[in-house]
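Next comes final_3.cif, with mmCIF, C-alpha atoms and all ligand atoms.
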data_work
#
loop_
_atom_site.label_atom_id
_atom_site.label_comp_id
_atom_site.auth_asym_id
_atom_site.auth_seq_id
_atom_site.Cartn_x
_atom_site.Cartn_y
_atom_site.Cartn_z
CA MET R 305 12.32 -1.13 -3.91
CA PRO R 306 12.57 2.26 -5.69
CA SER R 307 15.50 4.16 -4.25
CA ALA R 308 16.81 7.71 -4.17
CA LEU R 309 20.22 9.21 -3.58
CA ILE R 310 19.86 12.38 -1.51
CA VAL R 311 22.89 14.65 -1.89
CA ILE R 312 23.01 17.10 1.00
CA ASP R 313 24.45 20.60 0.54
CA ALA R 314 27.37 19.81 -1.80
CA GLN R 315 28.01 23.54 -2.08
CA VAL R 316 31.00 25.84 -2.49
CA ASP R 317 30.76 27.34 1.02
CA PHE R 318 31.06 23.89 2.62
CA CYS R 319 34.17 22.99 0.63
CA PRO R 320 37.76 24.11 1.33
CA GLY R 321 38.03 27.86 0.66
CA GLY R 322 34.34 28.38 1.49
CA ARG R 323 32.73 30.32 4.33
CA LEU R 324 31.91 27.25 6.42
CA ALA R 325 34.46 24.86 4.97
CA VAL R 326 34.29 21.20 5.94
CA GLU R 327 37.70 19.50 5.82
CA GLY R 328 37.90 17.31 2.73
CA GLY R 329 34.47 18.42 1.55
CA ASP R 330 35.62 18.55 -2.06
CA GLU R 331 36.93 14.95 -1.93
CA ILE R 332 33.43 13.51 -1.94
CA ILE R 333 32.17 15.17 -5.14
CA ALA R 334 33.60 12.60 -7.59
CA PRO R 335 32.40 9.60 -5.52
CA ILE R 336 28.92 11.16 -5.32
CA ASN R 337 28.80 11.61 -9.11
CA ASP R 338 29.75 7.94 -9.52
CA LEU R 339 26.91 6.84 -7.24
CA MET R 340 24.15 8.72 -9.05
CA ALA R 341 23.56 6.12 -11.79
CA ASP R 342 22.65 3.46 -9.21
CA TYR R 343 19.37 5.10 -8.16
CA ASP R 344 15.85 5.60 -9.50
CA ALA R 345 15.92 9.23 -8.39
CA VAL R 346 18.60 11.77 -7.46
CA VAL R 347 17.75 14.72 -5.21
CA LEU R 348 20.08 17.61 -4.37
CA THR R 349 19.55 19.88 -1.40
CA GLN R 350 20.83 23.45 -1.34
CA ASP R 351 21.35 25.46 1.86
CA TRP R 352 19.84 28.82 0.89
CA HIS R 353 19.86 31.68 3.40
CA PRO R 354 18.72 35.31 3.15
CA ASP R 355 21.14 38.06 4.35
CA ASP R 356 19.24 38.52 7.61
CA HIS R 357 19.18 34.82 8.49
CA SER R 358 19.00 34.15 12.24
CA SER R 359 21.62 31.36 12.07
CA PHE R 360 24.36 33.86 11.15
CA ALA R 361 26.47 34.91 14.15
CA ASP R 362 26.94 38.40 12.68
CA ASN R 363 23.18 38.99 12.84
CA HIS R 364 23.35 38.69 16.66
CA ALA R 365 24.93 41.33 18.89
CA GLU R 366 28.24 40.10 20.37
CA ALA R 367 27.73 36.48 19.42
CA ALA R 368 30.72 34.38 18.39
CA PRO R 369 30.52 31.96 15.49
CA PHE R 370 30.00 28.37 16.70
CA SER R 371 28.35 29.52 19.94
CA THR R 372 24.84 28.32 20.76
CA VAL R 373 21.78 30.50 21.43
CA GLU R 374 18.24 29.69 22.44
CA MET R 375 15.69 30.22 19.66
CA PRO R 376 11.90 29.90 20.09
CA TYR R 377 12.24 26.39 18.60
CA GLY R 378 15.22 25.32 20.77
CA PRO R 379 19.02 25.61 20.81
CA GLN R 380 20.67 26.85 17.63
CA VAL R 381 24.36 26.96 16.73
CA LEU R 382 25.37 30.33 15.24
CA TRP R 383 27.40 29.91 12.08
CA PRO R 384 29.66 32.12 10.03
CA ARG R 385 27.65 33.71 7.21
CA HIS R 386 27.34 31.04 4.48
CA CYS R 387 25.24 29.99 1.48
CA VAL R 388 23.68 33.42 1.04
CA ILE R 389 20.98 33.34 -1.65
CA GLY R 390 22.49 34.13 -5.03
CA SER R 391 26.10 34.30 -3.78
CA PRO R 392 28.91 32.23 -5.33
CA GLY R 393 29.25 30.26 -2.08
CA ALA R 394 25.65 29.04 -2.39
CA GLU R 395 26.35 27.43 -5.77
CA PHE R 396 26.85 23.70 -6.01
CA HIS R 397 30.48 22.53 -6.22
CA PRO R 398 31.41 23.12 -9.88
CA ALA R 399 32.27 19.43 -10.42
CA LEU R 400 28.95 18.10 -9.05
CA ALA R 401 26.86 16.40 -11.74
CA VAL R 402 23.91 18.73 -11.20
CA ASP R 403 22.30 17.86 -14.55
CA VAL R 404 21.64 14.30 -13.41
CA ALA R 405 19.40 15.46 -10.54
CA ASP R 406 15.60 15.04 -10.72
CA LEU R 407 14.94 17.59 -8.00
CA VAL R 408 16.75 20.43 -6.26
CA ILE R 409 15.24 21.34 -2.92
CA ARG R 410 16.26 24.53 -1.13
CA LYS R 411 16.10 24.96 2.63
CA GLY R 412 16.83 27.59 5.26
CA PHE R 413 15.25 30.47 3.33
CA ARG R 414 13.05 31.71 6.18
CA PRO R 415 14.98 34.36 8.18
CA GLU R 416 13.65 33.27 11.56
CA ILE R 417 14.37 29.55 11.37
CA ASP R 418 17.26 27.34 10.32
CA SER R 419 16.77 24.08 8.44
CA TYR R 420 19.39 21.36 8.74
CA SER R 421 17.09 18.54 7.65
CA ALA R 422 15.93 18.09 4.08
CA PHE R 423 12.46 17.19 5.44
CA PHE R 424 11.71 19.55 8.36
CA GLU R 425 13.03 22.91 9.47
CA ASN R 426 14.66 23.07 12.90
CA ASP R 427 11.29 23.41 14.67
CA HIS R 428 10.74 19.78 13.53
CA GLN R 429 7.30 20.84 12.22
CA THR R 430 7.64 23.04 9.14
CA ARG R 431 7.89 20.72 6.14
CA THR R 432 10.09 21.25 3.10
CA GLY R 433 7.88 19.16 0.79
CA LEU R 434 10.51 16.49 0.12
CA GLU R 435 8.55 13.68 1.78
CA GLY R 436 5.58 14.28 -0.52
CA TYR R 437 7.79 14.28 -3.60
CA LEU R 438 9.43 10.97 -2.69
CA ARG R 439 6.11 9.31 -1.81
CA GLU R 440 4.55 10.41 -5.10
CA ARG R 441 7.54 8.92 -6.91
CA GLY R 442 7.04 5.67 -4.96
CA VAL R 443 10.50 5.88 -3.41
CA THR R 444 10.93 3.88 -0.20
CA ALA R 445 14.72 3.54 0.23
CA LEU R 446 17.03 6.51 0.71
CA ASP R 447 20.82 6.77 0.72
CA PHE R 448 22.33 9.98 2.06
CA VAL R 449 25.67 11.56 1.12
CA GLY R 450 27.10 15.09 1.24
CA LEU R 451 27.85 17.80 3.81
CA ALA R 452 27.99 17.99 6.63
CA HIS R 453 27.86 14.47 8.08
CA ASP R 454 27.13 15.61 11.64
CA PHE R 455 24.56 18.32 10.89
CA CYS R 456 22.50 18.36 7.70
CA VAL R 457 23.19 14.74 6.68
CA ALA R 458 22.49 13.39 10.17
CA TRP R 459 19.33 15.43 10.73
CA SER R 460 18.00 14.50 7.29
CA ALA R 461 18.72 10.79 7.73
CA MET R 462 17.12 10.68 11.19
CA ASP R 463 13.99 12.46 9.95
CA ALA R 464 13.79 10.07 7.00
CA ALA R 465 13.98 7.06 9.34
CA LYS R 466 11.25 8.56 11.55
CA LEU R 467 9.09 9.02 8.45
CA GLY R 468 9.42 5.30 7.72
CA PHE R 469 11.92 5.24 4.84
CA ALA R 470 14.67 2.61 4.76
CA VAL R 471 17.71 4.81 5.36
CA ARG R 472 21.46 4.45 4.91
CA VAL R 473 24.29 6.97 5.11
CA ILE R 474 27.25 6.24 2.85
CA GLU R 475 29.89 7.58 5.20
CA GLU R 476 32.80 7.71 2.76
CA ALA R 477 30.79 10.15 0.65
CA THR R 478 30.31 12.53 3.60
CA ARG R 479 32.61 14.76 5.67
CA ALA R 480 31.97 16.20 9.16
CA ILE R 481 32.30 19.64 10.76
CA ASP R 482 33.04 17.77 14.04
CA LEU R 483 32.24 20.56 16.50
CA ASP R 484 32.96 19.29 20.06
CA GLY R 485 32.66 15.63 19.12
CA SER R 486 29.53 16.14 17.04
CA ARG R 487 30.59 13.48 14.53
CA ALA R 488 30.61 10.61 17.05
CA ALA R 489 27.44 11.93 18.68
CA ALA R 490 25.69 12.04 15.31
CA GLN R 491 26.75 8.47 14.52
CA GLU R 492 25.30 7.25 17.81
CA LYS R 493 22.04 9.15 17.34
CA MET R 494 21.65 7.96 13.75
CA ARG R 495 22.14 4.31 14.75
CA ALA R 496 19.61 4.74 17.59
CA ALA R 497 17.13 6.19 15.07
CA GLY R 498 17.46 3.10 12.87
CA VAL R 499 19.79 4.55 10.23
CA THR R 500 22.34 2.13 8.72
CA LEU R 501 25.85 3.59 8.40
CA ILE R 502 27.80 2.01 5.55
C1 LIG K 601 24.97 22.99 7.48
C2 LIG K 601 25.47 24.30 9.29
C3 LIG K 601 24.72 25.32 8.78
C4 LIG K 601 25.13 21.67 6.80
C5 LIG K 601 24.19 24.00 6.97
O1 LIG K 601 24.89 21.60 5.58
O2 LIG K 601 25.50 20.70 7.49
N1 LIG K 601 25.59 23.14 8.65
N2 LIG K 601 24.08 25.16 7.61
ZN ZN K 602 23.15 26.82 6.74
#
Structure rendered as structure tokens:
Amino acid sequence: MPSALIVIDAQVDFCPGGRLAVEGGDEIIAPINDLMADYDAVVLTQDWHPDDHSSFADNHAEAAPFSTVEMPYGPQVLWPRHCVIGSPGAEFHPALAVDVADLVIRKGFRPEIDSYSAFFENDHQTRTGLEGYLRERGVTALDFVGLAHDFCVAWSAMDAAKLGFAVRVIEEATRAIDLDGSRAAAQEKMRAAGVTLI
């Protein structure tokens, strides 16, 4: 069964010292590099937002970071400004083995919509193109690692399961933001969606 490792958002801004730092985010880079050789394909995703992105709290009047607002496509958490296109924080972690990757897919570049999942933007309809790439490569099994466990990894893994891929999340190669218990909630939702947590 051809398999792919999907590395979610292993970027400077999600690591300690970054704009939306995930605790221990840098600890998973070496384990991820070690995993890459075990797969037929390696895909990296890159969170990639324009300055005026609607997920940034400072683009909303009087909105606090980590509060939730209603967008046309549903509820959206407002984040500190992060992964701005071309900024140092949007780069991959310097130790990530970027050269091994077959594909880098960017997401979240439309100002009006956020994109946690590597497959669909947050309206659950706009496609990133990743499904087509994997199908054309004949890939049927996907393992997910990266940041953050409870947002972009979880949403990507659940979409992949819905699309019919065999999906696992390698939890020790992820770290969570854990906003109001979002880590446990994500684990429950992933299991319910048919994702295997290992
Ligand atoms: C992410 C919040 C905002 C993630 C990206 O990679 O999990 N979380 N943008
Ligand atoms: Zn983002």
Problem set entry | Å distance separating atom CA of Ser391 of chain R from atom CA of Val326 of chain R, one decimal place |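 It comes out at 18.3 Å.
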For this session: Please measure the separation of atom CA of Val473 of chain R and atom CA of Asp447 of chain R, giving the value in Å to one decimal.
Result: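 Separation of atom CA of Val473 of chain R and atom CA of Asp447 of chain R: 5.6 Å.
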What does the list of residues within 10 Å of ligand ZN 602 (chain K) look like if you count all atoms listed in the file, written as a CSV table (one decimal) with C-alpha atoms, in the coordinates of the input?
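Result file follows (part_19.csv):
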chain,number,residue,atom,x,y,z
R,313,ASP,CA,24.4,20.6,0.5
R,317,ASP,CA,30.8,27.3,1.0
R,318,PHE,CA,31.1,23.9,2.6
R,324,LEU,CA,31.9,27.2,6.4
R,350,GLN,CA,20.8,23.4,-1.3
R,351,ASP,CA,21.4,25.5,1.9
R,352,TRP,CA,19.8,28.8,0.9
R,353,HIS,CA,19.9,31.7,3.4
R,357,HIS,CA,19.2,34.8,8.5
R,359,SER,CA,21.6,31.4,12.1
R,360,PHE,CA,24.4,33.9,11.2
R,382,LEU,CA,25.4,30.3,15.2
R,383,TRP,CA,27.4,29.9,12.1
R,384,PRO,CA,29.7,32.1,10.0
R,385,ARG,CA,27.6,33.7,7.2
R,386,HIS,CA,27.3,31.0,4.5
R,387,CYS,CA,25.2,30.0,1.5
R,388,VAL,CA,23.7,33.4,1.0
R,394,ALA,CA,25.6,29.0,-2.4
R,411,LYS,CA,16.1,25.0,2.6
R,412,GLY,CA,16.8,27.6,5.3
R,413,PHE,CA,15.2,30.5,3.3
R,418,ASP,CA,17.3,27.3,10.3
R,419,SER,CA,16.8,24.1,8.4
R,420,TYR,CA,19.4,21.4,8.7
R,455,PHE,CA,24.6,18.3,10.9
R,456,CYS,CA,22.5,18.4,7.7
For this session: Determine the nearest neighbour of Tyr343 of chain R from the options R:Ser358, R:Ser307, R:Thr444, R:Ser486, counting all atoms listed in the file.
Result: R:Ser307
Exercise. Which residue gives the smallest distance to ligand LIG 601 (chain K) among R:Gly450, R:Gly321, R:Gly468, R:Pro335, with only C-alpha atoms and all ligand atoms counted?
Worked result: R:Gly450
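Distance-wise, atom CA of Gly393 of chain R and atom CA of Arg323 of chain R end up 7.3 Å apart.
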For this session: Give me the residues within 12 Å of Pro306 of chain R as a list in words, counting all atoms listed in the file and dropping any in the same chain fewer than 2 places off.
Result: Ala308, Leu309, Asp342, Tyr343, Asp344, Ala345, Val346, Leu438, Arg439, Glu440, Arg441, Gly442, Val443, Thr444, Ala445, Leu446, Asp447, Phe469 and Ala470 of chain R
Quick one: axis-aligned box around all listed atoms of ligand LIG 601 (chain K), 5 Å on every side, centre and edge lengths in Å to one decimal, written as lines of an AutoDock Vina configuration file.
center_x = 24.8
center_y = 23.0
center_z = 7.4
size_x = 11.5
size_y = 14.6
size_z = 13.7
For this session: Within 8 Å of Phe423 of chain R, counting only C-alpha atoms, which residues show up once you throw out same-chain ones fewer than 3 positions away? Write them as a list in words, please.
Result: Arg431, Thr432, Gly433, Leu434, Glu435, Ser460, Asp463 and Ala464 of chain R
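When all atoms listed in the file are used to compute distances to Tyr437 of chain R, the closest of the residues R:Ile502, R:Val408, R:Gly378, R:Met340 turns out to be R:Val408.
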Exercise. Got a sec: who's within 12 Å of Pro376 of chain R, counting only C-alpha atoms, leaving out chain neighbours fewer than 2 positions off, as an NGL selection string?
Worked result: :R and (358 or 373-374 or 378-380 or 416-418 or 426-427)
Problem set entry | Residue nearest Lys466 of chain R - candidates R:Val449, R:Ala488, R:Ile332, R:Ala497, atoms counted: only C-alpha atoms | R:Ala497
Exercise. So, counting all atoms listed in the file, which residue among R:Met375, R:Val457, R:Leu501, R:Ala452 is closest to Asp482 of chain R?
Worked result: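 Looking only at the distances to Asp482 of chain R, the closest residue turns out to be R:Ala452.
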For this session: Go ahead and find all residues with at least one atom no further than 10 Å from (27.5, 11.3, -2.8) in the file's coordinates, using only C-alpha atoms; report them as an MDAnalysis selection string.
Result: chainID R and resid 309:312 314 332:340 348 400 447:451 473:478
For this session: Between R:Gln491, R:Val471, R:Gly436, R:His428, single out the one closest to Asp454 of chain R, counting all atoms listed in the file.
Result: R:Gln491
Problem set entry | All residues 8 Å or closer to Asp330 of chain R, all atoms listed in the file, same chain fewer than 3 positions away omitted, as a PyMOL selection string | chain R and resi 319-320+333+397
